[in-house]
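A.B. asks: mmCIF, C-alpha atoms, file model03.cif:
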data_final
#
loop_
_atom_site.group_PDB
_atom_site.id
_atom_site.type_symbol
_atom_site.label_atom_id
_atom_site.label_comp_id
_atom_site.auth_asym_id
_atom_site.auth_seq_id
_atom_site.Cartn_x
_atom_site.Cartn_y
_atom_site.Cartn_z
ATOM 1 C CA MET A 1 -35.207 78.430 41.440
ATOM 2 C CA ILE A 2 -36.439 76.920 38.190
ATOM 3 C CA ASP A 3 -39.525 79.139 38.365
ATOM 4 C CA ILE A 4 -37.312 82.210 38.331
ATOM 5 C CA ILE A 5 -35.418 80.958 35.257
ATOM 6 C CA ILE A 6 -38.720 80.299 33.459
ATOM 7 C CA MET A 7 -39.973 83.769 34.399
ATOM 8 C CA ILE A 8 -36.816 85.458 33.139
ATOM 9 C CA PHE A 9 -36.898 83.660 29.795
ATOM 10 C CA CYS A 10 -40.603 84.202 29.185
ATOM 11 C CA THR A 11 -40.468 87.872 30.192
ATOM 12 C CA LEU A 12 -37.504 88.554 27.933
ATOM 13 C CA GLY A 13 -39.223 86.732 25.088
ATOM 14 C CA ALA A 14 -42.453 88.664 25.536
ATOM 15 C CA LEU A 15 -40.483 91.926 25.660
ATOM 16 C CA ALA A 16 -38.716 91.028 22.408
ATOM 17 C CA VAL A 17 -42.032 90.324 20.685
ATOM 18 C CA LEU A 18 -43.456 93.585 22.073
ATOM 19 C CA LEU A 19 -40.422 95.363 20.657
ATOM 20 C CA ALA A 20 -41.083 93.828 17.256
ATOM 21 C CA ALA A 21 -44.682 95.031 17.407
ATOM 22 C CA ILE A 22 -43.659 98.578 18.322
ATOM 23 C CA GLY A 23 -41.037 98.416 15.587
ATOM 24 C CA VAL A 24 -43.679 97.594 12.977
ATOM 25 C CA LEU A 25 -45.668 100.651 14.029
ATOM 26 C CA ARG A 26 -42.838 103.125 14.380
ATOM 27 C CA MET A 27 -40.313 102.371 11.651
ATOM 28 C CA PRO A 28 -40.611 104.634 8.619
ATOM 29 C CA ASP A 29 -40.237 102.193 5.696
ATOM 30 C CA VAL A 30 -40.619 98.547 4.659
ATOM 31 C CA TYR A 31 -36.945 97.673 4.860
ATOM 32 C CA LEU A 32 -36.481 98.982 8.387
ATOM 33 C CA ARG A 33 -39.711 97.373 9.515
ATOM 34 C CA LEU A 34 -38.609 94.003 8.234
ATOM 35 C CA SER A 35 -35.128 94.291 9.657
ATOM 36 C CA VAL A 36 -36.579 95.047 13.092
ATOM 37 C CA THR A 37 -39.416 92.535 12.981
ATOM 38 C CA THR A 38 -37.824 89.310 11.784
ATOM 39 C CA LYS A 39 -34.999 89.298 14.306
ATOM 40 C CA ALA A 40 -36.946 90.451 17.329
ATOM 41 C CA ALA A 41 -39.721 87.955 16.618
ATOM 42 C CA THR A 42 -37.221 85.115 16.141
ATOM 43 C CA LEU A 43 -35.493 86.008 19.383
ATOM 44 C CA GLY A 44 -38.778 86.341 21.259
ATOM 45 C CA ILE A 45 -40.156 83.003 20.092
ATOM 46 C CA GLY A 46 -36.829 81.357 20.856
ATOM 47 C CA LEU A 47 -36.720 82.692 24.415
ATOM 48 C CA ILE A 48 -40.343 81.754 25.165
ATOM 49 C CA LEU A 49 -39.705 78.252 23.828
ATOM 50 C CA VAL A 50 -36.599 77.890 26.008
ATOM 51 C CA GLY A 51 -38.785 78.871 28.950
ATOM 52 C CA ALA A 52 -41.251 76.164 27.935
ATOM 53 C CA ALA A 53 -38.403 73.643 27.739
ATOM 54 C CA PHE A 54 -37.390 74.471 31.319
ATOM 55 C CA HIS A 55 -41.001 74.257 32.454
ATOM 56 C CA PHE A 56 -41.632 70.761 31.091
ATOM 57 C CA SER A 57 -38.027 69.462 31.349
ATOM 58 C CA GLU A 58 -38.773 66.276 29.408
ATOM 59 C CA VAL A 59 -36.617 64.768 26.673
ATOM 60 C CA GLY A 60 -39.452 64.693 24.106
ATOM 61 C CA VAL A 61 -40.512 68.283 24.637
ATOM 62 C CA THR A 62 -36.958 69.604 24.709
ATOM 63 C CA SER A 63 -35.950 67.903 21.469
ATOM 64 C CA ARG A 64 -39.061 69.235 19.738
ATOM 65 C CA ILE A 65 -38.265 72.736 20.995
ATOM 66 C CA ILE A 66 -34.712 72.498 19.700
ATOM 67 C CA ALA A 67 -36.112 71.461 16.302
ATOM 68 C CA ILE A 68 -38.596 74.363 16.294
ATOM 69 C CA ILE A 69 -35.919 76.915 17.178
ATOM 70 C CA PHE A 70 -33.622 75.522 14.495
ATOM 71 C CA PHE A 71 -36.263 75.699 11.766
ATOM 72 C CA ILE A 72 -37.432 79.184 12.745
ATOM 73 C CA THR A 73 -33.843 80.421 12.689
ATOM 74 C CA VAL A 74 -33.276 78.911 9.269
ATOM 75 C CA THR A 75 -36.533 80.018 7.620
ATOM 76 C CA ALA A 76 -37.159 83.507 9.038
ATOM 77 C CA PRO A 77 -34.316 85.190 7.084
ATOM 78 C CA VAL A 78 -35.450 83.510 3.868
ATOM 79 C CA SER A 79 -38.982 84.873 4.114
ATOM 80 C CA ALA A 80 -37.658 88.320 5.054
ATOM 81 C CA TYR A 81 -35.387 88.206 2.029
ATOM 82 C CA LEU A 82 -38.247 87.310 -0.315
ATOM 83 C CA ILE A 83 -40.554 90.022 1.042
ATOM 84 C CA VAL A 84 -37.848 92.670 0.877
ATOM 85 C CA ARG A 85 -36.895 91.697 -2.668
ATOM 86 C CA ALA A 86 -40.514 91.834 -3.817
ATOM 87 C CA SER A 87 -41.001 95.228 -2.191
ATOM 88 C CA TYR A 88 -37.935 96.554 -3.976
ATOM 89 C CA PHE A 89 -39.423 95.407 -7.283
ATOM 90 C CA ILE A 90 -42.658 97.300 -6.677
ATOM 91 C CA LYS A 91 -40.486 100.332 -5.838
ATOM 92 C CA ALA A 92 -41.337 100.710 -2.167
ATOM 93 C CA LYS A 93 -39.680 103.979 -1.149
ATOM 94 C CA LEU A 94 -36.699 104.126 1.167
ATOM 95 C CA TRP A 95 -36.914 106.418 4.182
ATOM 96 C CA GLU A 96 -36.117 110.012 3.226
ATOM 97 C CA HIS A 97 -33.108 110.168 5.584
ATOM 98 C CA SER A 98 -31.506 107.096 4.042
ATOM 99 C CA ILE A 99 -27.919 107.728 3.067
ATOM 100 C CA VAL A 100 -27.205 105.550 0.048
ATOM 101 C CA ASP A 101 -28.996 103.199 -2.311
ATOM 102 C CA GLU A 102 -26.396 101.249 -4.237
ATOM 103 C CA LEU A 103 -29.019 98.877 -5.578
ATOM 104 C CA ASN A 104 -30.632 101.662 -7.571
ATOM 105 C CA GLY A 105 -30.595 100.860 -11.287
ATOM 106 C CA MET A 106 -28.808 97.535 -10.907
ATOM 107 C CA TYR A 107 -31.787 95.369 -11.781
ATOM 108 C CA ASP A 108 -32.497 94.619 -15.390
ATOM 109 C CA LYS A 109 -35.971 96.049 -15.887
ATOM 110 C CA LYS A 110 -37.342 93.157 -17.911
ATOM 111 C CA THR A 111 -35.597 90.041 -16.646
ATOM 112 C CA HIS A 112 -34.996 91.171 -13.022
ATOM 113 C CA SER A 113 -31.485 89.783 -13.244
ATOM 114 C CA LEU A 114 -29.091 91.639 -10.979
ATOM 115 C CA SER A 115 -25.747 92.946 -12.189
ATOM 116 C CA SER A 116 -22.757 93.426 -9.927
ATOM 117 C CA THR A 117 -20.964 96.251 -11.680
ATOM 118 C CA ASP A 118 -22.059 99.810 -12.092
ATOM 119 C CA LEU A 119 -22.417 99.981 -15.879
ATOM 120 C CA PRO A 120 -25.950 100.925 -16.879
ATOM 121 C CA ASP A 121 -24.746 103.585 -19.320
ATOM 122 C CA GLU A 122 -22.316 101.305 -21.085
ATOM 123 C CA VAL A 123 -24.916 98.590 -21.408
ATOM 124 C CA ALA A 124 -27.223 101.135 -22.962
ATOM 125 C CA SER A 125 -24.481 102.275 -25.344
ATOM 126 C CA HIS A 126 -23.738 98.658 -26.280
ATOM 127 C CA ARG A 127 -27.356 98.176 -27.102
ATOM 128 C CA THR A 128 -27.412 101.203 -29.350
ATOM 129 C CA ASP A 129 -24.241 99.923 -31.004
ATOM 130 C CA ASP A 130 -25.942 96.637 -31.752
ATOM 131 C CA GLU A 131 -28.920 98.368 -33.218
ATOM 132 C CA GLU A 132 -26.673 100.468 -35.403
ATOM 133 C CA GLU A 133 -24.873 97.361 -36.573
ATOM 134 C CA ILE A 134 -28.173 95.746 -37.418
ATOM 135 C CA GLU A 135 -29.165 98.784 -39.392
ATOM 136 C CA GLU A 136 -25.829 98.735 -41.189
ATOM 137 C CA ILE A 137 -26.362 95.099 -42.107
ATOM 138 C CA LYS A 138 -29.780 95.946 -43.398
ATOM 139 C CA MET B 139 -12.957 62.798 6.613
ATOM 140 C CA MET B 140 -14.695 65.302 8.852
ATOM 141 C CA GLN B 141 -18.024 63.544 8.529
ATOM 142 C CA LYS B 142 -16.353 60.254 9.413
ATOM 143 C CA ARG B 143 -14.925 61.728 12.583
ATOM 144 C CA PHE B 144 -18.254 63.224 13.548
ATOM 145 C CA LEU B 145 -20.146 59.991 12.929
ATOM 146 C CA MET B 146 -17.539 58.107 14.949
ATOM 147 C CA ASN B 147 -18.059 60.577 17.750
ATOM 148 C CA VAL B 148 -21.834 60.114 17.638
ATOM 149 C CA LEU B 149 -21.483 56.341 17.564
ATOM 150 C CA LEU B 150 -19.255 56.378 20.627
ATOM 151 C CA THR B 151 -21.755 58.660 22.352
ATOM 152 C CA VAL B 152 -24.594 56.209 21.682
ATOM 153 C CA ILE B 153 -22.469 53.359 22.996
ATOM 154 C CA TRP B 154 -21.717 55.387 26.129
ATOM 155 C CA VAL B 155 -25.415 56.124 26.680
ATOM 156 C CA ALA B 156 -26.370 52.481 26.099
ATOM 157 C CA LEU B 157 -23.723 51.288 28.537
ATOM 158 C CA THR B 158 -24.562 53.750 31.293
ATOM 159 C CA GLY B 159 -28.284 53.210 30.725
ATOM 160 C CA SER B 160 -29.683 56.632 31.581
ATOM 161 C CA PHE B 161 -31.371 58.194 28.601
ATOM 162 C CA ASP B 162 -31.309 61.948 29.210
ATOM 163 C CA TYR B 163 -29.698 65.017 27.719
ATOM 164 C CA LEU B 164 -27.016 65.469 30.318
ATOM 165 C CA ASN B 165 -25.770 61.952 29.751
ATOM 166 C CA PHE B 166 -25.750 62.462 25.966
ATOM 167 C CA ILE B 167 -23.705 65.630 26.312
ATOM 168 C CA PHE B 168 -21.349 64.009 28.782
ATOM 169 C CA GLY B 169 -20.902 60.974 26.528
ATOM 170 C CA PHE B 170 -20.220 63.214 23.561
ATOM 171 C CA LEU B 171 -17.564 65.110 25.492
ATOM 172 C CA VAL B 172 -15.948 61.902 26.759
ATOM 173 C CA SER B 173 -15.767 60.309 23.309
ATOM 174 C CA PHE B 174 -14.521 63.576 21.836
ATOM 175 C CA PHE B 175 -11.753 63.692 24.401
ATOM 176 C CA VAL B 176 -10.810 60.042 23.837
ATOM 177 C CA MET B 177 -10.690 60.535 20.061
ATOM 178 C CA TRP B 178 -8.571 63.622 20.529
ATOM 179 C CA ILE B 179 -6.041 61.710 22.596
ATOM 180 C CA ILE B 180 -5.709 58.824 20.135
ATOM 181 C CA SER B 181 -5.493 61.043 17.009
ATOM 182 C CA ARG B 182 -2.002 61.063 15.574
ATOM 183 C CA ASN B 183 -1.455 62.986 12.348
ATOM 184 C CA THR B 184 -2.469 66.552 11.493
ATOM 185 C CA ASP B 185 -5.175 65.331 9.129
ATOM 186 C CA ASP B 186 -6.972 63.768 12.051
ATOM 187 C CA ARG B 187 -6.603 66.831 14.189
ATOM 188 C CA LYS B 188 -8.540 69.103 11.840
ATOM 189 C CA TYR B 189 -11.840 67.887 13.251
ATOM 190 C CA PHE B 190 -10.877 68.903 16.757
ATOM 191 C CA THR B 191 -9.698 72.422 15.928
ATOM 192 C CA ILE B 192 -12.832 72.988 13.843
ATOM 193 C CA ALA B 193 -15.076 71.780 16.647
ATOM 194 C CA PHE B 194 -13.659 74.494 18.910
ATOM 195 C CA LYS B 195 -13.926 77.060 16.124
ATOM 196 C CA VAL B 196 -17.600 76.243 15.591
ATOM 197 C CA LEU B 197 -18.279 76.547 19.308
ATOM 198 C CA GLY B 198 -16.390 79.829 19.514
ATOM 199 C CA PHE B 199 -18.194 81.218 16.474
ATOM 200 C CA PHE B 200 -21.562 80.205 17.919
ATOM 201 C CA PHE B 201 -20.984 82.103 21.146
ATOM 202 C CA PHE B 202 -19.448 85.042 19.301
ATOM 203 C CA PHE B 203 -22.525 85.241 17.080
ATOM 204 C CA LEU B 204 -24.807 84.991 20.100
ATOM 205 C CA TYR B 205 -22.938 87.904 21.704
ATOM 206 C CA GLU B 206 -23.165 89.995 18.534
ATOM 207 C CA PHE B 207 -26.830 89.092 18.207
ATOM 208 C CA PHE B 208 -27.719 90.333 21.688
ATOM 209 C CA LYS B 209 -25.569 93.445 21.326
ATOM 210 C CA ALA B 210 -27.285 94.382 18.082
ATOM 211 C CA THR B 211 -30.702 93.547 19.554
ATOM 212 C CA ILE B 212 -30.136 96.016 22.388
ATOM 213 C CA GLU B 213 -29.000 98.628 19.870
ATOM 214 C CA VAL B 214 -32.133 98.154 17.765
ATOM 215 C CA ALA B 215 -34.324 98.069 20.883
ATOM 216 C CA TYR B 216 -32.910 101.422 21.931
ATOM 217 C CA GLU B 217 -33.637 102.756 18.458
ATOM 218 C CA VAL B 218 -37.231 101.557 18.556
ATOM 219 C CA MET B 219 -37.939 102.918 22.027
ATOM 220 C CA THR B 220 -36.398 106.383 21.776
ATOM 221 C CA LYS B 221 -38.366 109.231 20.319
ATOM 222 C CA ARG B 222 -35.976 110.580 17.697
ATOM 223 C CA PHE B 223 -34.372 108.237 15.195
ATOM 224 C CA GLN B 224 -30.576 108.249 15.290
ATOM 225 C CA MET B 225 -30.165 105.699 12.535
ATOM 226 C CA LYS B 226 -28.710 106.247 9.091
ATOM 227 C CA PRO B 227 -30.075 103.464 6.893
ATOM 228 C CA GLY B 228 -28.864 102.645 3.414
ATOM 229 C CA ILE B 229 -28.310 99.885 0.885
ATOM 230 C CA ILE B 230 -24.685 98.851 0.553
ATOM 231 C CA LYS B 231 -22.919 96.701 -2.015
ATOM 232 C CA MET B 232 -20.511 94.213 -0.448
ATOM 233 C CA PRO B 233 -18.074 92.118 -2.486
ATOM 234 C CA LEU B 234 -18.303 88.413 -1.636
ATOM 235 C CA ASP B 235 -15.455 86.095 -0.755
ATOM 236 C CA ALA B 236 -17.782 83.139 -0.308
ATOM 237 C CA LYS B 237 -18.079 81.126 -3.505
ATOM 238 C CA THR B 238 -20.198 77.998 -3.201
ATOM 239 C CA ASP B 239 -23.976 77.848 -2.766
ATOM 240 C CA LEU B 240 -23.760 76.679 0.822
ATOM 241 C CA GLU B 241 -21.301 79.379 1.852
ATOM 242 C CA ILE B 242 -23.369 82.164 0.326
ATOM 243 C CA THR B 243 -26.591 80.816 1.818
ATOM 244 C CA LEU B 244 -25.133 80.533 5.299
ATOM 245 C CA LEU B 245 -23.525 83.955 5.098
ATOM 246 C CA SER B 246 -26.681 85.687 3.923
ATOM 247 C CA ASN B 247 -28.729 83.894 6.585
ATOM 248 C CA LEU B 248 -26.324 85.051 9.281
ATOM 249 C CA ILE B 249 -26.364 88.621 7.972
ATOM 250 C CA SER B 250 -30.148 88.625 7.897
ATOM 251 C CA LEU B 251 -30.291 87.211 11.420
ATOM 252 C CA THR B 252 -28.129 89.960 12.868
ATOM 253 C CA PRO B 253 -30.446 92.795 13.894
ATOM 254 C CA GLY B 254 -30.017 95.948 11.864
ATOM 255 C CA THR B 255 -28.841 94.298 8.663
ATOM 256 C CA LEU B 256 -30.909 92.640 5.959
ATOM 257 C CA VAL B 257 -29.835 90.953 2.743
ATOM 258 C CA LEU B 258 -31.655 92.306 -0.299
ATOM 259 C CA ASP B 259 -30.184 90.246 -3.106
ATOM 260 C CA VAL B 260 -27.160 88.419 -4.441
ATOM 261 C CA SER B 261 -25.990 89.436 -7.886
ATOM 262 C CA GLU B 262 -26.360 87.053 -10.790
ATOM 263 C CA ASP B 263 -22.615 86.368 -11.088
ATOM 264 C CA ARG B 264 -22.269 85.916 -7.287
ATOM 265 C CA THR B 265 -19.591 88.518 -6.798
ATOM 266 C CA VAL B 266 -21.493 91.020 -4.679
ATOM 267 C CA ILE B 267 -24.287 90.995 -2.130
ATOM 268 C CA TYR B 268 -26.624 93.908 -1.442
ATOM 269 C CA ILE B 269 -27.246 94.632 2.226
ATOM 270 C CA HIS B 270 -29.692 97.027 3.836
ATOM 271 C CA GLY B 271 -28.140 98.315 7.053
ATOM 272 C CA MET B 272 -29.569 100.490 9.788
ATOM 273 C CA TYR B 273 -26.319 102.170 10.814
ATOM 274 C CA VAL B 274 -24.315 103.037 7.734
ATOM 275 C CA GLU B 275 -22.346 106.034 8.932
ATOM 276 C CA ASP B 276 -19.178 104.901 7.199
ATOM 277 C CA LYS B 277 -19.488 102.569 4.229
ATOM 278 C CA VAL B 278 -16.007 101.045 4.528
ATOM 279 C CA LYS B 279 -16.420 100.498 8.257
ATOM 280 C CA PHE B 280 -19.798 98.846 7.734
ATOM 281 C CA ILE B 281 -18.436 96.432 5.115
ATOM 282 C CA ASN B 282 -15.391 95.682 7.258
ATOM 283 C CA SER B 283 -17.497 94.895 10.304
ATOM 284 C CA ILE B 284 -19.454 92.290 8.335
ATOM 285 C CA LYS B 285 -16.389 90.895 6.603
ATOM 286 C CA GLU B 286 -14.326 90.555 9.767
ATOM 287 C CA GLY B 287 -17.195 89.655 12.066
ATOM 288 C CA LEU B 288 -19.148 87.143 9.994
ATOM 289 C CA GLU B 289 -17.588 86.203 6.682
ATOM 290 C CA LYS B 290 -14.027 85.489 7.795
ATOM 291 C CA PRO B 291 -14.846 83.149 10.709
ATOM 292 C CA LEU B 292 -17.528 81.421 8.641
ATOM 293 C CA LEU B 293 -15.136 80.748 5.766
ATOM 294 C CA SER B 294 -12.408 79.570 8.122
ATOM 295 C CA ILE B 295 -14.863 76.962 9.387
ATOM 296 C CA MET B 296 -16.216 75.969 5.985
ATOM 297 C CA ARG B 297 -12.886 75.576 4.204
#
Just give me the structure as structure tokens.
C.D. replies:
Amino acid sequence: MIDIIIMIFCTLGALAVLLAAIGVLRMPDVYLRLSVTTKAATLGIGLILVGAAFHFSEVGVTSRIIAIIFFITVTAPVSAYLIVRASYFIKAKLWEHSIVDELNGMYDKKTHSLSSTDLPDEVASHRTDDEEEIEEIK
Amino acid sequence: MMQKRFLMNVLLTVIWVALTGSFDYLNFIFGFLVSFFVMWIISRNTDDRKYFTIAFKVLGFFFFFLYEFFKATIEVAYEVMTKRFQMKPGIIKMPLDAKTDLEITLLSNLISLTPGTLVLDVSEDRTVIYIHGMYVEDKVKFINSIKEGLEKPLLSIMR
């Protein structure tokens, strides 16, 4: 009975990791690749580890596995977020069939600070105003 | 107050395990449930009861998230395996209701963990969050599904 449970968990986990691998090959851009890979890999590792927990069924092993699953779940999104942010900065292209890109033009080019409102033109006009004022003062 | 209740619960669990003398997971879980039930019975005012309603909410949210997680995984798996892509990806701006650091961190982690959505960045003034989604057919529907599915239950637990 317990063998069957272990088999089910490990097979599902291996399938999830396989799916992540195929996703990396097939997806058309960085963002889609990351959004397929991180989750499927997390799920796959989690399922395989649960299978391992059933296989050993000891307190020490199980508590370590719970800790591993917890830390993977907490850290995987953070690394995905950092990679995706960096790839947006180096202007990795979105897939051509993407519908919208509301992030376009929201980053300040020099400081990389992100604005929430859609006012690039007004900011530009403000800047010109300031320059004019400076010239007037001069 | 909440932390006090939780620590009390853990303490009672340890006492239960020490008294019964068998040091395994099942006994820990059973002891936790027993002490939880006892504390629930002896709680009197509404201030005390908050811990118990939140405990059920956390449990419910956990299983709800697990369900959503597997549903979205199957969706993405189908997308990866089929020959022609049906997806309509895009980057969407979502206004945030979460305010503190912890709330925003947890929310963005949960969004990133759900297959098909990925957090790109949080704006400097913390009013909006930029999400890359795989299925953005309708922008309003997409935002609503995240707001109703993840943000609302999370905030009801945190606050």
A.B. asks: Using all atoms listed in the file, what does the table of chain A residues within 7 Å of chain B look like, with each row giving the shortest atom pair and its distance in Å to one decimal, sorted by chain and ascending number, as CSV?
C.D. replies:
residue,atom,partner,partner_atom,distance
A:Leu19,CA,B:Ala215,CA,6.7
A:Gly23,CA,B:Val218,CA,5.8
A:Ser35,CA,B:Gly254,CA,5.8
A:Val36,CA,B:Pro253,CA,6.6
A:Lys39,CA,B:Pro253,CA,5.8
A:Val59,CA,B:Asp162,CA,6.5
A:Pro77,CA,B:Ser250,CA,5.5
A:Tyr81,CA,B:Leu258,CA,6.0
A:Val84,CA,B:Leu258,CA,6.3
A:Arg85,CA,B:Leu258,CA,5.8
A:His97,CA,B:Lys226,CA,6.9
A:Ser98,CA,B:Pro227,CA,4.8
A:Ile99,CA,B:Gly228,CA,5.2
A:Val100,CA,B:Gly228,CA,4.7
A:Asp101,CA,B:Ile229,CA,4.7
A:Glu102,CA,B:Ile230,CA,5.6
A:Leu103,CA,B:Ile229,CA,6.6
A:Ser113,CA,B:Glu262,CA,6.3
A:Leu114,CA,B:Ser261,CA,4.9
A:Ser115,CA,B:Ser261,CA,5.6
A:Ser116,CA,B:Ser261,CA,5.5
A.B. asks: Can you turn the PyMOL selection byres ((chain B and resi 144) around 12) into a concrete residue list for this file, as a PyMOL selection string?
C.D. replies: chain B and resi 139-143+145-151+170+173-174+177-178+186+188-190+192-193
A.B. asks: What lies within 7 Å of segment 4-18 of chain A using all atoms listed in the file, ignoring chain neighbours under 5 positions off, as a list in words?
C.D. replies: Ala40, Ala41, Leu43, Gly44, Ile45, Leu47, Ile48, Val50, Gly51, Phe54 and His55 of chain A
A.B. asks: Write out the residues from the selection above, keeping C-alpha atoms, as an mmCIF file, in the frame of the given file.
C.D. replies:
data_model
loop_
_atom_site.group_PDB
_atom_site.id
_atom_site.type_symbol
_atom_site.label_atom_id
_atom_site.label_comp_id
_atom_site.auth_asym_id
_atom_site.auth_seq_id
_atom_site.Cartn_x
_atom_site.Cartn_y
_atom_site.Cartn_z
ATOM 1 C CA ALA A 40 -36.946 90.451 17.329
ATOM 2 C CA ALA A 41 -39.721 87.955 16.618
ATOM 3 C CA LEU A 43 -35.493 86.008 19.383
ATOM 4 C CA GLY A 44 -38.778 86.341 21.259
ATOM 5 C CA ILE A 45 -40.156 83.003 20.092
ATOM 6 C CA LEU A 47 -36.720 82.692 24.415
ATOM 7 C CA ILE A 48 -40.343 81.754 25.165
ATOM 8 C CA VAL A 50 -36.599 77.890 26.008
ATOM 9 C CA GLY A 51 -38.785 78.871 28.950
ATOM 10 C CA PHE A 54 -37.390 74.471 31.319
ATOM 11 C CA HIS A 55 -41.001 74.257 32.454
#
A.B. asks: To box segment 258-275 of chain B, take all atoms listed in the file, fit an axis-aligned box, add 6 Å on each side, and give centre and edge lengths in Å to one decimal, as JSON.
C.D. replies:
{"center_x": -25.6, "center_y": 96.0, "center_z": -0.1, "size_x": 24.1, "size_y": 32.1, "size_z": 33.9}
